[in-house]
Each structure stands twice: as structure tokens, then as C-alpha cells.
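Structure first, commentary second.
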Amino acid sequence: MSLPRRAKVQVQGVVPKDEFSSCSELSSASEEDDKEDSAWEPQKKVPRSRKQPPPKESKPKRMPRVKKNTPQISDGSEVIVKEELNSSVAIADTALEDRKNELDTVQTLKTAKTKRKCSAQPHAARRTKKLKVDEETSKASNLEGESNSSETPSTSTMCGGTCKMEENEDDFTFGQSPLKKMKTETCPQGQPVKFPANANNIKEEVEMNWDIVQVLSERTNIEPWVCANTIRLFNDDNTIPFIIRYRKELINNLDADSLREVQQTLEELRAVAKKVHSTIQKIKKEGKMSECLLKAMLNCKTFEELEHVSAPYKTGSKGTKAQRARQLGLEGAARALLEKPGELSLLSYIRPDVKGLSTLQDIEIGVQHILADMIAKDKDTLDFIRNLCQDRHVCIQSSLAKVSSKKVNEKDVDKFLLYQHFSCNIRSIHHHQILAINRGENLKVLTVKVNISDGVKDEFCRWCIQNRWRPRGFARPELMKILRDSLNDSFKRLIYPLLCREFRAKLTSDAEKESVMMFGRNLRQLLLTSPVPGRTLMGVDPGYKHGCKLAIISPTSQILHTDVVYLHCGQGFREAEKIKRLLLNFNCSTVVIGNGTACRETEAYFADLIMKNYFAPLDVVYCIVSEAGASIYSVSPEANKEMPGLDPNLRSAVSIARRVQDPLAELVKIEPKHIGVGMYQHDVSQTLLKATLDSVVEECVSFVGVDINICSEVLLRHIAGLNANRAKNIIEWREKNGPFINREQLKKVRGLGPKSFQQCAGFIRINQDYIRTFCSQQTESSGQIRGVAVTSSADIEVTNEKQGKKKSKTAVNVLLKPNPLDQTCIHPESYDIAMRFLSSIGGTLYEIGKPEMQRKINSFLEREGMEKIAERLQTTVHTLQVIIDGLSQPESFDFRTDFDKPDFKRSIVCLEDLQVGTVLTGLR
């Protein structure tokens, strides 16, 4: 059945995110029609004669480029347009046609009259109808402001234009749909220049009275233009590894930790904004909303401010003193005291029969409460007191709690001995001290308070009387006394508790963030430990009663042998023979010892045998490695799937050995928080901790890169842009179709859309030697690569695969021959620039990573200069640097070789063995 007209406009005007190939097919078909047909021009108000053939006299000034060997569009896509037609044409369409006569007809679709003569009139009608739909879509897009007509074409034209020029354009949003591309390209190209008035205006889902870019810049101490670009990049679903490597110019070379801090702060601000608007809706439903309250709530930037403003309006609240005074009708008196003090007569408000208005003193107290509430919720007043506290001495104090009813564990009391009489300025207190104080307070061991000096209060009250809350006219002494009492009451009862909550919340938030960042830094250092490839290793999980578990693994991480030896039960000499026999049989000269229970005893045992040259002719060395999380991993489903039938204790020994062979590939199998590399792990936000550690793992795995044809599913799921389902689909595709020939084949994997491909493609490697060997073997045997046709030109593979209701992958425009650039860190969006750079230096793809390529690049850079080359190639210096790095680095380059390496030793068992510069590892 035919779709409604409005639905068809959307289908033709907007390109689906994961069906970019259909747009390419449509463009190809229209270009085939352009080759034979003349230009079509809309007619003048002919509502009932649309079947007339279009005139052939008018010719376009510039004929569109014709692509050769372009597949024809399937009939299925034409039937949809044909069924759209009926016997009547809406008058609005004819009027729309008249209004659009001034458009450039070169960009519109053409008729297929001369191509199919037998059905000329129906096809002409169909093209007429399709043009109207495209023009209407273009008009709607311009009205909604999705694109600037002076910079980008309309949506309907953009689809065809983008597909046509994709081969020759420098497309910096490779594989995206045009709408995503427009969003990315509207970002300023990383230049710290003066922006237009609306350059930093980021439209958020919920609007506040503060600018999110400005507040984000103030909190993170990062330039506003960088914050604006970062928000746009995150809104466009870009991952941190992708931004750090391929969008450096947009973030002014921020490192990953700073970018992660911006992301966390942005999420906090958005959470506050959502909470504010949900609270506003609740108060509106109760009918308690006022203009003053609404303004105060929209000014809130933290949850503490929101709590302060909205507390009296919560459901079930008895109401504040100020609210009760307002209900008695005293708000007019409070405002008159400030605005018209000469006309105010408090005696006129006395009502002897009304409680709260019976005496003059009651009226004065009511006015005082209203003024105190107004002062405590005034934005300028709060900003002044906050700035004042930044310049004055404000300290946090902790002391031993007086426990009477509940008994506290004495061990807990001893733990907080340092904080039983503790005082420190809030600007100089350390993060770990804040976390310790908070833990003591939660255990009811400590009591904590924030101390603000009396000088701050005096200066605050003086400023309020003389500036912000000064009456507009002469006020009698009794009225000034009410104002002074209001200021004192406001500070003591409302402002001081608010400041204490804000200081405590800020200190706790900063301490938690620092703790989480420390986790991330330590985890990154552990994950990026230099691997030790090409060795047969013996992993030892030490123990006393239950023995030491042994596992020998091959250079390719295969399990060769597992065993248990009892070294510390009086059988050491007999077990030494077994160990020697295993090391000799498997030619293993490296022993890896876990740093858990019985670590030092096991180390002394092996060191003694090595010193006696017991393992001759092998030159055996050993190292100690962290075994944190090994026991948890050994009983996990991943370990059971990877090592079925193996005892969990022996799996720990295997994991310990693999941590030296490839630390990153092994440690990603373990939940990051179980590795234990931080402080106060259980006191910080578990959500923030997990998000940060997962982000660090993704960053490390992505920057190291993975060979997609040999990597595990667990490692693959940590690549930027991928997840567990996409990694599983990639592995299934690899098992079904054989190894990936190039990165373009990733587009054929189910669930991997253009955005996911853009994010992950630069971090996926394809070993060219392996692919060349595989291609040659398959070509000799069958002339095909596992169902992927090998052609002489190796241009494209085209399939007319039918697309159902669900998303399905079509293999359109997929390059078939191996691409040497796929083994580098260069992103596919920059391949065209890389090829032009190679042409400039006179290099070839087969020289990638070789010394001659490095010499050519160096001489070219010395002669031309980086900025000049980037300008000639119409790219940025950062992108050019990534290209140069990718072309210069040898195949299988691993930047982890520059980081810490395992410390292999032969004999360090006592103090006498230590020398200057010796490094030992272990646990306290």
C-alpha cells in the first residue's frame, strides 16, 4: 500500500543513518537518467495536464558528471514512488511548484522519458511528482533551520550531491549520513578566533538562566570555544579516543583525562537542569509557583542551591517562617520597608484577633522572616558571600564524636586517630583527608563542621546595608533595626548552613573525582605496561598449604602444561626436579610469580636455584607481577569459556603468565575495579568509577589498536564505537566469511552503522602480510575470497540485496583489494589526503613503515614545512601529523614499548642483594 504524503516526504528527504547505500543507488540511477534526458522545468499552473511530456528546449548550463559502471536502481524503489500517484493533484502542490520556479533545475531529478519510450507519460508524471516532493522537503528543511542554504544544499539535493562527490571530496565525516555530516561540519575548525554572537550558544534540552558553555568553562578552566566544540562532539556521539586522536584541532589538544573531566562536568550540569525543570513542574501542579521562585530556580547551578530554594515547597513540608508570614499578608510591609520606608506604618497591620498579628512585636518578627528569606535567595547576595569566602579563612574541623547510646568499634576509633582533633583550610586540605573525614563521619566516629570567621559575617552585613539591601529613602531607626536583625537571622539560619553544605559537597565531589582519576591513571599505567612477546613463560600462583600452581604458555598464549608443586612443605628439593624437567622440556627460561601469598618465599626459592645454576643450560630469569583480580577472573564465565574443564586455581596461573606476555589483552578480561589500583574505592560514586575506568580501558585498547583477524571478542568490545553485540557480530562474520581483507568490509557486519564505523575504523588494524598470503592462496585455489569476488580492477562489489523492514547490510562500494593503509593509525576519512601526501613525497603504499619512507618524509618536511603542506593538502596540522605517524611507523608498531617493562631478576632475596637503583614490587 502507498504511504501518506507526509511520510513519503520524510523518507525521500532524510537519509537513514544505517542505509547510506540506498542513497548511493538512488543517486546512481538519477545520474544514468541525466545522461540521456534533457533538463526538466516546472510548468506554469497546469493543474490537470501533468501527463504532458516536459519541454525539451531548455538545456542546463552545466551537465552533471556521469559515473561509469554504476549499477541501476532496482525496480522495487521505483514502485514506491509510482504507487504514490493518484488521479488528482493537490492545489497546494501546484502553488508550491510556481513558488519554486526560481530554483536551480540542475540540482533536481530528471525524467526518464527517452530511456523508456513505451511509458514516457507515466514516467514524466512520476518525475514531476518526485520533484515536488523534493522541493517541499527542501522548503521544510530550510524553515526548520537544519542547514544554512548559503553553505549547504537542501536535504534532497544533498543526498545526491554527497554520493556523487564522495570519491573526490576531502570528507572529514567518512561514512556518516549527510545530516550527521552537517552537524559535525558546523563546528569551528579548532581555531581560537572571535566567534559570531551565537557561536557558543548550545541549545540544550532544558533551558536555564545560565549558559552551559560559560559555566562549563568556569568549572573546568578550559576556553569557552573548546567547551563549545566538545559539547558538539559529544552530542554527535563521538567517543573520547576518536576525539583525542582525530579531532585534536577542535579541542585544542586536550588530553584524555581533561576531556573526561569536561564530559563528567557536562553531565552534572545537565542533571541539575533536568532536576530543576522536574521540580518546577511539581510546584506548578501544586499551584505554588511564583515569578520570583521560578527565576530563583532557573538560576540554580548545583543540587545544593536547588535544595535550598525548593525545600519549603516540598510535599508534606510545614512551610517556613517566611511562608507563614506571607500567609498573614506581611509581604507588602517587607517590600515597603525597602522601597518606601517613609510611608510604612507597622501599626496598621495589627489584628488583635489574629495569631501572629496581635502585637507590634509579632509583626516585626514576621517582616524580619520575610526579609531574611528574600536575602537568602537573592542571587547577587549569594554570589557576594561566596566570593567573600574565597578570600577569607574558611576551615573544616573534625573531632571525636560523643557516643553515648551506640557503641562504636574501638578499632574504627583507632583508625581515625589523626582526625580526632583536626582543622585545615578548605583551600589546602588534601583529597584523601576529605575522604577519610567523610568515612569517619559515616561510621559515627567523627563530627565535622565548617567554620566561617566572624569577620566574614560582619563584612557581609555591612555590604548588604550599604549596597544591596539599602532602603530607597530615609528609614526610621526601628525599621533599620528590623533590617539588621533580618540580615543576622538570614546569615545564621539560612545562608551559613547553605554555605556549609556547598563547601562540603564541593570538597567531597572534588575528592571523589580525584580518587577516580587516580584509579584511571594507575589503571592506564598498568594496562600500558610493555608486553613481552615471543617467549615461552611459566606462570606461578604461589601458595603454602595448597601448593604453587604452575602453567606454561606458548609465545602465542596457548596453554602447554599445568601442574601443582609444593615448595614450602618440606618437599622443595623433590619438586625442583619437576620444575627443571618442565623448563627444559618446553625450553622455557622465564618465570612469572604472582605477588600474593607466599610470593617472597617462592621468589627466594627460585632465586636460590638460579644462583646455583640449577637450570643449566637454561639462563632462567624471573619477575613478579600483580595478581590482583586473577582469582575473580578464574571463576568468571569468560574464563570458563576460554579454558573449559581447567581447575580455577590453575586458571589463575595462566592469567598471571599472560599478564606479562600481553598485559592489555589479559587485564581487559577483568572488571577494572577488581584490579585494585586506587584509594577509597568503596566510598566514591560507583557509577562514576565504573564509567571512568571503562573509558580508560577503551582509550588504552583503542590507542594500542587490535588486529581484527586474530583478536578476541573480549578485547574487541573495548574498541571505541563497539560494544559486546557488535564485537560478537564481527567475530561471527569473521568465522563465516573468513578474515577481513580491508576496513571497508566492516560495513557489511550486522549492527555496524556509519557512525560506529567512523568511531572504530581508525583503531582496527589489518596485517597486510597475513592478508596477502590469504588472498594468494584463495586466488590460486578458487579465484575467490570466501564468496567475495576478486576482479582484475578490484574496484567495487555490487549486490542488489533486498532490504526488508529491519536493517540489513548491502555490500555497495566495498573495496576488495587489501589496502596497506589499513595497517596504520590513519583513519579512512583521511585516505585521500594520505594518497596526495604520498604523491607529493614520491612514495608508494608498499614503502609504509620502511626507512626509505621516513627519509622521504623528513626531507619533504624540511623543505616545505608542516603548516605549508597542510594548507596545500587542505587539511589541519594535526590530521597531517597522524598521517605522517601512520606512514612512518613500522608494521606491528606498538607504542607500549616506550612504557615500563617487567623487571626480570635472578637473585634478590635479602637486604644484602639490594643495590642502588633496584626496583621491587609487592603488596603491603
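So you can find residues: chains in the C-alpha cells are A, B, ... in the order shown, residues in each start at 1, and ligands are numbered from 1 in order.
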Checklist entry - Which polymer residues have any atom within 7 Å of an atom of Lys747 of chain A, counting only C-alpha atoms, with same-chain residues fewer than 5 positions away left out, as a ChimeraX atom specification? => result /A:752-753,757
Item to check | Nearest-residue call for Val592 of chain A, choices A:Phe860, A:Pro902, A:Pro477, A:Ile251, using only C-alpha atoms | outcome: A:Pro902
Checklist entry - Residues at most 12 Å from Gln264 of chain A, counting only C-alpha atoms, excluding those fewer than 5 positions away in the same chain, as a ChimeraX atom specification? => result /A:216,219-220,230-231,234,257-259,269-271,509-510,513,516-517,687-689,691-692,695
Output N, CA and C atoms for every residue in the selection just made, as a PDB file, in the first residue's frame.
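This is the output file part.pdb:
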```pdb
ATOM      1  N   LEU A 216      30.516  25.650  32.129  1.00  0.00           N
ATOM      2  CA  LEU A 216      31.448  24.545  31.924  1.00  0.00           C
ATOM      3  C   LEU A 216      32.886  25.045  31.829  1.00  0.00           C
ATOM      4  N   ARG A 219      34.112  26.014  35.409  1.00  0.00           N
ATOM      5  CA  ARG A 219      34.351  24.889  36.320  1.00  0.00           C
ATOM      6  C   ARG A 219      35.560  24.046  35.907  1.00  0.00           C
ATOM      7  N   THR A 220      35.828  23.970  34.632  1.00  0.00           N
ATOM      8  CA  THR A 220      36.944  23.136  34.166  1.00  0.00           C
ATOM      9  C   THR A 220      38.178  23.943  33.813  1.00  0.00           C
ATOM     10  N   THR A 230      33.556  20.733  22.283  1.00  0.00           N
ATOM     11  CA  THR A 230      33.462  19.453  22.971  1.00  0.00           C
ATOM     12  C   THR A 230      32.011  19.032  23.146  1.00  0.00           C
ATOM     13  N   ILE A 231      31.149  19.985  23.500  1.00  0.00           N
ATOM     14  CA  ILE A 231      29.728  19.660  23.647  1.00  0.00           C
ATOM     15  C   ILE A 231      29.159  19.179  22.323  1.00  0.00           C
ATOM     16  N   PHE A 234      30.384  15.595  21.638  1.00  0.00           N
ATOM     17  CA  PHE A 234      29.695  14.604  22.449  1.00  0.00           C
ATOM     18  C   PHE A 234      28.239  14.464  22.025  1.00  0.00           C
ATOM     19  N   ASP A 257      42.254  12.745  30.113  1.00  0.00           N
ATOM     20  CA  ASP A 257      41.729  12.999  31.451  1.00  0.00           C
ATOM     21  C   ASP A 257      40.972  14.320  31.514  1.00  0.00           C
ATOM     22  N   SER A 258      41.505  15.351  30.866  1.00  0.00           N
ATOM     23  CA  SER A 258      40.807  16.648  30.847  1.00  0.00           C
ATOM     24  C   SER A 258      39.494  16.551  30.088  1.00  0.00           C
ATOM     25  N   LEU A 259      39.513  15.833  28.981  1.00  0.00           N
ATOM     26  CA  LEU A 259      38.287  15.667  28.203  1.00  0.00           C
ATOM     27  C   LEU A 259      37.249  14.868  28.993  1.00  0.00           C
ATOM     28  N   LEU A 269      25.954  19.160  35.029  1.00  0.00           N
ATOM     29  CA  LEU A 269      25.153  20.355  34.752  1.00  0.00           C
ATOM     30  C   LEU A 269      23.819  19.987  34.114  1.00  0.00           C
ATOM     31  N   ARG A 270      23.838  19.030  33.213  1.00  0.00           N
ATOM     32  CA  ARG A 270      22.585  18.610  32.584  1.00  0.00           C
ATOM     33  C   ARG A 270      21.667  17.924  33.592  1.00  0.00           C
ATOM     34  N   ALA A 271      22.258  17.172  34.511  1.00  0.00           N
ATOM     35  CA  ALA A 271      21.439  16.537  35.543  1.00  0.00           C
ATOM     36  C   ALA A 271      20.783  17.585  36.440  1.00  0.00           C
ATOM     37  N   SER A 509      32.948  16.228  46.238  1.00  0.00           N
ATOM     38  CA  SER A 509      32.903  15.971  44.803  1.00  0.00           C
ATOM     39  C   SER A 509      34.299  15.998  44.196  1.00  0.00           C
ATOM     40  N   ASP A 510      35.095  17.008  44.571  1.00  0.00           N
ATOM     41  CA  ASP A 510      36.457  17.098  44.040  1.00  0.00           C
ATOM     42  C   ASP A 510      37.307  15.922  44.507  1.00  0.00           C
ATOM     43  N   LYS A 513      36.291  12.840  42.532  1.00  0.00           N
ATOM     44  CA  LYS A 513      36.807  12.912  41.165  1.00  0.00           C
ATOM     45  C   LYS A 513      38.297  12.616  41.127  1.00  0.00           C
ATOM     46  N   VAL A 516      38.823   8.933  41.611  1.00  0.00           N
ATOM     47  CA  VAL A 516      38.505   8.200  40.384  1.00  0.00           C
ATOM     48  C   VAL A 516      39.578   8.432  39.329  1.00  0.00           C
ATOM     49  N   MET A 517      40.066   9.678  39.239  1.00  0.00           N
ATOM     50  CA  MET A 517      41.127   9.964  38.276  1.00  0.00           C
ATOM     51  C   MET A 517      42.408   9.204  38.629  1.00  0.00           C
ATOM     52  N   THR A 687      28.955   4.576  40.116  1.00  0.00           N
ATOM     53  CA  THR A 687      28.614   4.866  38.715  1.00  0.00           C
ATOM     54  C   THR A 687      29.736   5.635  38.040  1.00  0.00           C
ATOM     55  N   LEU A 688      30.231   6.679  38.722  1.00  0.00           N
ATOM     56  CA  LEU A 688      31.332   7.470  38.163  1.00  0.00           C
ATOM     57  C   LEU A 688      32.593   6.630  38.032  1.00  0.00           C
ATOM     58  N   LEU A 689      32.868   5.790  39.031  1.00  0.00           N
ATOM     59  CA  LEU A 689      34.059   4.951  38.983  1.00  0.00           C
ATOM     60  C   LEU A 689      34.012   3.995  37.800  1.00  0.00           C
ATOM     61  N   ALA A 691      32.202   4.212  35.021  1.00  0.00           N
ATOM     62  CA  ALA A 691      32.250   4.929  33.743  1.00  0.00           C
ATOM     63  C   ALA A 691      33.671   5.373  33.414  1.00  0.00           C
ATOM     64  N   THR A 692      34.396   5.873  34.416  1.00  0.00           N
ATOM     65  CA  THR A 692      35.763   6.353  34.176  1.00  0.00           C
ATOM     66  C   THR A 692      36.703   5.210  33.834  1.00  0.00           C
ATOM     67  N   SER A 695      36.075   3.885  30.462  1.00  0.00           N
ATOM     68  CA  SER A 695      36.579   4.826  29.465  1.00  0.00           C
ATOM     69  C   SER A 695      38.093   4.718  29.319  1.00  0.00           C
TER      70      SER A 695
END
```
Applying 10 Å and only C-alpha atoms, which residues near Leu821 of chain A remain after dropping the ones on its own chain fewer than 6 positions away? List them as a PDB file with all heavy atoms, in the first residue's frame.
```pdb
ATOM      1  N   ASN A 742      39.933  -5.783   4.203  1.00  0.00           N
ATOM      2  CA  ASN A 742      40.203  -4.362   4.461  1.00  0.00           C
ATOM      3  C   ASN A 742      39.149  -3.808   5.402  1.00  0.00           C
ATOM      4  O   ASN A 742      38.182  -4.487   5.764  1.00  0.00           O
ATOM      5  CB  ASN A 742      40.257  -3.555   3.156  1.00  0.00           C
ATOM      6  CG  ASN A 742      38.994  -3.751   2.320  1.00  0.00           C
ATOM      7  OD1 ASN A 742      37.915  -3.972   2.857  1.00  0.00           O
ATOM      8  ND2 ASN A 742      39.138  -3.677   1.018  1.00  0.00           N
ATOM      9  N   ARG A 743      39.349  -2.572   5.811  1.00  0.00           N
ATOM     10  CA  ARG A 743      38.450  -1.957   6.778  1.00  0.00           C
ATOM     11  C   ARG A 743      37.044  -1.756   6.223  1.00  0.00           C
ATOM     12  O   ARG A 743      36.068  -1.762   6.964  1.00  0.00           O
ATOM     13  CB  ARG A 743      39.014  -0.608   7.228  1.00  0.00           C
ATOM     14  CG  ARG A 743      40.212  -0.715   8.171  1.00  0.00           C
ATOM     15  CD  ARG A 743      40.853   0.644   8.387  1.00  0.00           C
ATOM     16  NE  ARG A 743      41.874   0.614   9.442  1.00  0.00           N
ATOM     17  CZ  ARG A 743      42.726   1.603   9.680  1.00  0.00           C
ATOM     18  NH1 ARG A 743      42.684   2.692   8.928  1.00  0.00           N
ATOM     19  NH2 ARG A 743      43.619   1.501  10.660  1.00  0.00           N
ATOM     20  N   ARG A 765      43.290  -2.709  13.028  1.00  0.00           N
ATOM     21  CA  ARG A 765      44.418  -2.979  12.137  1.00  0.00           C
ATOM     22  C   ARG A 765      44.169  -4.263  11.352  1.00  0.00           C
ATOM     23  O   ARG A 765      43.505  -5.186  11.835  1.00  0.00           O
ATOM     24  CB  ARG A 765      45.711  -3.135  12.938  1.00  0.00           C
ATOM     25  CG  ARG A 765      45.987  -2.002  13.914  1.00  0.00           C
ATOM     26  CD  ARG A 765      46.539  -0.775  13.178  1.00  0.00           C
ATOM     27  NE  ARG A 765      46.944   0.228  14.138  1.00  0.00           N
ATOM     28  CZ  ARG A 765      46.171   1.195  14.595  1.00  0.00           C
ATOM     29  NH1 ARG A 765      44.927   1.287  14.163  1.00  0.00           N
ATOM     30  NH2 ARG A 765      46.604   2.073  15.477  1.00  0.00           N
ATOM     31  N   ILE A 766      44.722  -4.289  10.151  1.00  0.00           N
ATOM     32  CA  ILE A 766      44.665  -5.490   9.315  1.00  0.00           C
ATOM     33  C   ILE A 766      46.083  -5.796   8.847  1.00  0.00           C
ATOM     34  O   ILE A 766      46.677  -5.021   8.095  1.00  0.00           O
ATOM     35  CB  ILE A 766      43.718  -5.296   8.116  1.00  0.00           C
ATOM     36  CG1 ILE A 766      42.286  -5.079   8.621  1.00  0.00           C
ATOM     37  CG2 ILE A 766      43.779  -6.496   7.189  1.00  0.00           C
ATOM     38  CD1 ILE A 766      41.262  -4.889   7.539  1.00  0.00           C
ATOM     39  N   GLN A 768      48.935  -6.856   6.807  1.00  0.00           N
ATOM     40  CA  GLN A 768      48.993  -6.985   5.350  1.00  0.00           C
ATOM     41  C   GLN A 768      49.681  -8.268   4.900  1.00  0.00           C
ATOM     42  O   GLN A 768      49.295  -8.865   3.892  1.00  0.00           O
ATOM     43  CB  GLN A 768      49.701  -5.760   4.759  1.00  0.00           C
ATOM     44  CG  GLN A 768      48.951  -4.460   4.972  1.00  0.00           C
ATOM     45  CD  GLN A 768      47.551  -4.482   4.370  1.00  0.00           C
ATOM     46  OE1 GLN A 768      47.399  -4.597   3.167  1.00  0.00           O
ATOM     47  NE2 GLN A 768      46.539  -4.399   5.221  1.00  0.00           N
ATOM     48  N   HIS A 827      42.985   7.256   9.667  1.00  0.00           N
ATOM     49  CA  HIS A 827      41.555   6.982   9.565  1.00  0.00           C
ATOM     50  C   HIS A 827      41.139   6.946   8.094  1.00  0.00           C
ATOM     51  O   HIS A 827      41.685   7.686   7.265  1.00  0.00           O
ATOM     52  CB  HIS A 827      40.767   8.071  10.297  1.00  0.00           C
ATOM     53  CG  HIS A 827      39.368   7.675  10.607  1.00  0.00           C
ATOM     54  ND1 HIS A 827      38.355   7.737   9.678  1.00  0.00           N
ATOM     55  CD2 HIS A 827      38.802   7.196  11.754  1.00  0.00           C
ATOM     56  CE1 HIS A 827      37.221   7.320  10.230  1.00  0.00           C
ATOM     57  NE2 HIS A 827      37.470   6.993  11.497  1.00  0.00           N
ATOM     58  N   PRO A 828      40.187   6.075   7.748  1.00  0.00           N
ATOM     59  CA  PRO A 828      39.733   6.022   6.342  1.00  0.00           C
ATOM     60  C   PRO A 828      39.250   7.355   5.802  1.00  0.00           C
ATOM     61  O   PRO A 828      39.336   7.595   4.589  1.00  0.00           O
ATOM     62  CB  PRO A 828      38.585   4.995   6.391  1.00  0.00           C
ATOM     63  CG  PRO A 828      38.934   4.100   7.518  1.00  0.00           C
ATOM     64  CD  PRO A 828      39.596   4.986   8.538  1.00  0.00           C
ATOM     65  N   TYR A 831      42.176   8.931   3.970  1.00  0.00           N
ATOM     66  CA  TYR A 831      42.926   8.162   2.971  1.00  0.00           C
ATOM     67  C   TYR A 831      43.261   9.000   1.741  1.00  0.00           C
ATOM     68  O   TYR A 831      44.355   8.895   1.183  1.00  0.00           O
ATOM     69  CB  TYR A 831      42.141   6.912   2.559  1.00  0.00           C
ATOM     70  CG  TYR A 831      42.271   5.753   3.515  1.00  0.00           C
ATOM     71  CD1 TYR A 831      43.012   5.873   4.693  1.00  0.00           C
ATOM     72  CD2 TYR A 831      41.651   4.533   3.260  1.00  0.00           C
ATOM     73  CE1 TYR A 831      43.122   4.823   5.573  1.00  0.00           C
ATOM     74  CE2 TYR A 831      41.766   3.463   4.147  1.00  0.00           C
ATOM     75  CZ  TYR A 831      42.504   3.618   5.297  1.00  0.00           C
ATOM     76  OH  TYR A 831      42.630   2.558   6.165  1.00  0.00           O
ATOM     77  N   ALA A 834      46.084  11.201   2.546  1.00  0.00           N
ATOM     78  CA  ALA A 834      47.307  10.408   2.660  1.00  0.00           C
ATOM     79  C   ALA A 834      47.863  10.055   1.283  1.00  0.00           C
ATOM     80  O   ALA A 834      49.087  10.097   1.063  1.00  0.00           O
ATOM     81  CB  ALA A 834      47.041   9.141   3.463  1.00  0.00           C
ATOM     82  N   MET A 835      47.001   9.733   0.339  1.00  0.00           N
ATOM     83  CA  MET A 835      47.467   9.397  -1.006  1.00  0.00           C
ATOM     84  C   MET A 835      48.066  10.622  -1.698  1.00  0.00           C
ATOM     85  O   MET A 835      49.083  10.519  -2.403  1.00  0.00           O
ATOM     86  CB  MET A 835      46.303   8.843  -1.831  1.00  0.00           C
ATOM     87  CG  MET A 835      45.766   7.496  -1.340  1.00  0.00           C
ATOM     88  SD  MET A 835      47.049   6.222  -1.263  1.00  0.00           S
ATOM     89  CE  MET A 835      47.488   6.123  -2.991  1.00  0.00           C
ATOM     90  N   LEU A 845      52.549   3.019  -1.439  1.00  0.00           N
ATOM     91  CA  LEU A 845      51.936   2.350  -0.304  1.00  0.00           C
ATOM     92  C   LEU A 845      52.796   1.210   0.229  1.00  0.00           C
ATOM     93  O   LEU A 845      52.716   0.875   1.417  1.00  0.00           O
ATOM     94  CB  LEU A 845      50.557   1.809  -0.700  1.00  0.00           C
ATOM     95  CG  LEU A 845      49.454   2.841  -0.951  1.00  0.00           C
ATOM     96  CD1 LEU A 845      48.197   2.164  -1.453  1.00  0.00           C
ATOM     97  CD2 LEU A 845      49.156   3.630   0.322  1.00  0.00           C
ATOM     98  N   TYR A 846      53.588   0.619  -0.625  1.00  0.00           N
ATOM     99  CA  TYR A 846      54.385  -0.531  -0.200  1.00  0.00           C
ATOM    100  C   TYR A 846      55.654  -0.120   0.536  1.00  0.00           C
ATOM    101  O   TYR A 846      56.426  -0.968   0.960  1.00  0.00           O
ATOM    102  CB  TYR A 846      54.728  -1.400  -1.413  1.00  0.00           C
ATOM    103  CG  TYR A 846      53.489  -1.918  -2.097  1.00  0.00           C
ATOM    104  CD1 TYR A 846      53.001  -1.310  -3.257  1.00  0.00           C
ATOM    105  CD2 TYR A 846      52.773  -2.981  -1.550  1.00  0.00           C
ATOM    106  CE1 TYR A 846      51.847  -1.775  -3.872  1.00  0.00           C
ATOM    107  CE2 TYR A 846      51.619  -3.452  -2.158  1.00  0.00           C
ATOM    108  CZ  TYR A 846      51.152  -2.848  -3.310  1.00  0.00           C
ATOM    109  OH  TYR A 846      50.008  -3.301  -3.898  1.00  0.00           O
ATOM    110  N   ILE A 848      55.366   1.846   3.236  1.00  0.00           N
ATOM    111  CA  ILE A 848      54.894   2.262   4.557  1.00  0.00           C
ATOM    112  C   ILE A 848      55.708   1.569   5.651  1.00  0.00           C
ATOM    113  O   ILE A 848      55.878   0.351   5.641  1.00  0.00           O
ATOM    114  CB  ILE A 848      53.396   1.939   4.724  1.00  0.00           C
ATOM    115  CG1 ILE A 848      52.563   2.816   3.796  1.00  0.00           C
ATOM    116  CG2 ILE A 848      52.958   2.135   6.167  1.00  0.00           C
ATOM    117  CD1 ILE A 848      51.080   2.525   3.840  1.00  0.00           C
ATOM    118  N   ILE A 883      48.792  11.320   9.818  1.00  0.00           N
ATOM    119  CA  ILE A 883      49.146  10.653   8.563  1.00  0.00           C
ATOM    120  C   ILE A 883      50.642  10.358   8.516  1.00  0.00           C
ATOM    121  O   ILE A 883      51.074   9.267   8.131  1.00  0.00           O
ATOM    122  CB  ILE A 883      48.706  11.527   7.362  1.00  0.00           C
ATOM    123  CG1 ILE A 883      47.179  11.593   7.295  1.00  0.00           C
ATOM    124  CG2 ILE A 883      49.289  10.999   6.062  1.00  0.00           C
ATOM    125  CD1 ILE A 883      46.655  12.552   6.253  1.00  0.00           C
ATOM    126  N   GLY A 886      51.415   7.503  10.825  1.00  0.00           N
ATOM    127  CA  GLY A 886      50.975   6.232  10.264  1.00  0.00           C
ATOM    128  C   GLY A 886      51.873   5.730   9.158  1.00  0.00           C
ATOM    129  O   GLY A 886      52.112   4.518   9.047  1.00  0.00           O
ATOM    130  N   LEU A 887      52.372   6.633   8.331  1.00  0.00           N
ATOM    131  CA  LEU A 887      53.249   6.215   7.231  1.00  0.00           C
ATOM    132  C   LEU A 887      54.659   5.881   7.725  1.00  0.00           C
ATOM    133  O   LEU A 887      55.357   5.073   7.101  1.00  0.00           O
ATOM    134  CB  LEU A 887      53.323   7.317   6.177  1.00  0.00           C
ATOM    135  CG  LEU A 887      52.005   7.672   5.467  1.00  0.00           C
ATOM    136  CD1 LEU A 887      52.223   8.840   4.508  1.00  0.00           C
ATOM    137  CD2 LEU A 887      51.460   6.472   4.705  1.00  0.00           C
TER     138      LEU A 887
END
```
Next on the checklist: Need the shell around Phe422 of chain A: protein/DNA/RNA residues with any atom at most 6 Å away, counting only C-alpha atoms. Skip same-chain ones fewer than 3 positions apart. Format as a VMD selection string?
Outcome noted: chain A and resid 397 to 398 419
Checklist entry - Near Thr597 of chain A, within 9 Å and counting only C-alpha atoms, which residues show up once chain neighbours fewer than 5 positions away are dropped, as a PyMOL selection string? => result chain A and resi 541-544
Item to check | Shell of 12 Å around Leu537 of chain A, only C-alpha atoms, local chain residues under 6 positions omitted, as number ranges by chain | outcome: A: 550-562, 582-583, 586-593, 620-623, 653-662
Item to check | All helix (DSSP H, G or I) positions in segment 330-379 of chain A, as a ChimeraX atom specification | outcome: /A:331-339,341-343,346-349,360-376,379
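Closest approach to Tyr313 of chain A among A:Ser712, A:Ser685, A:Thr279, A:Ser358 is made by A:Thr279 (distances from only C-alpha atoms).
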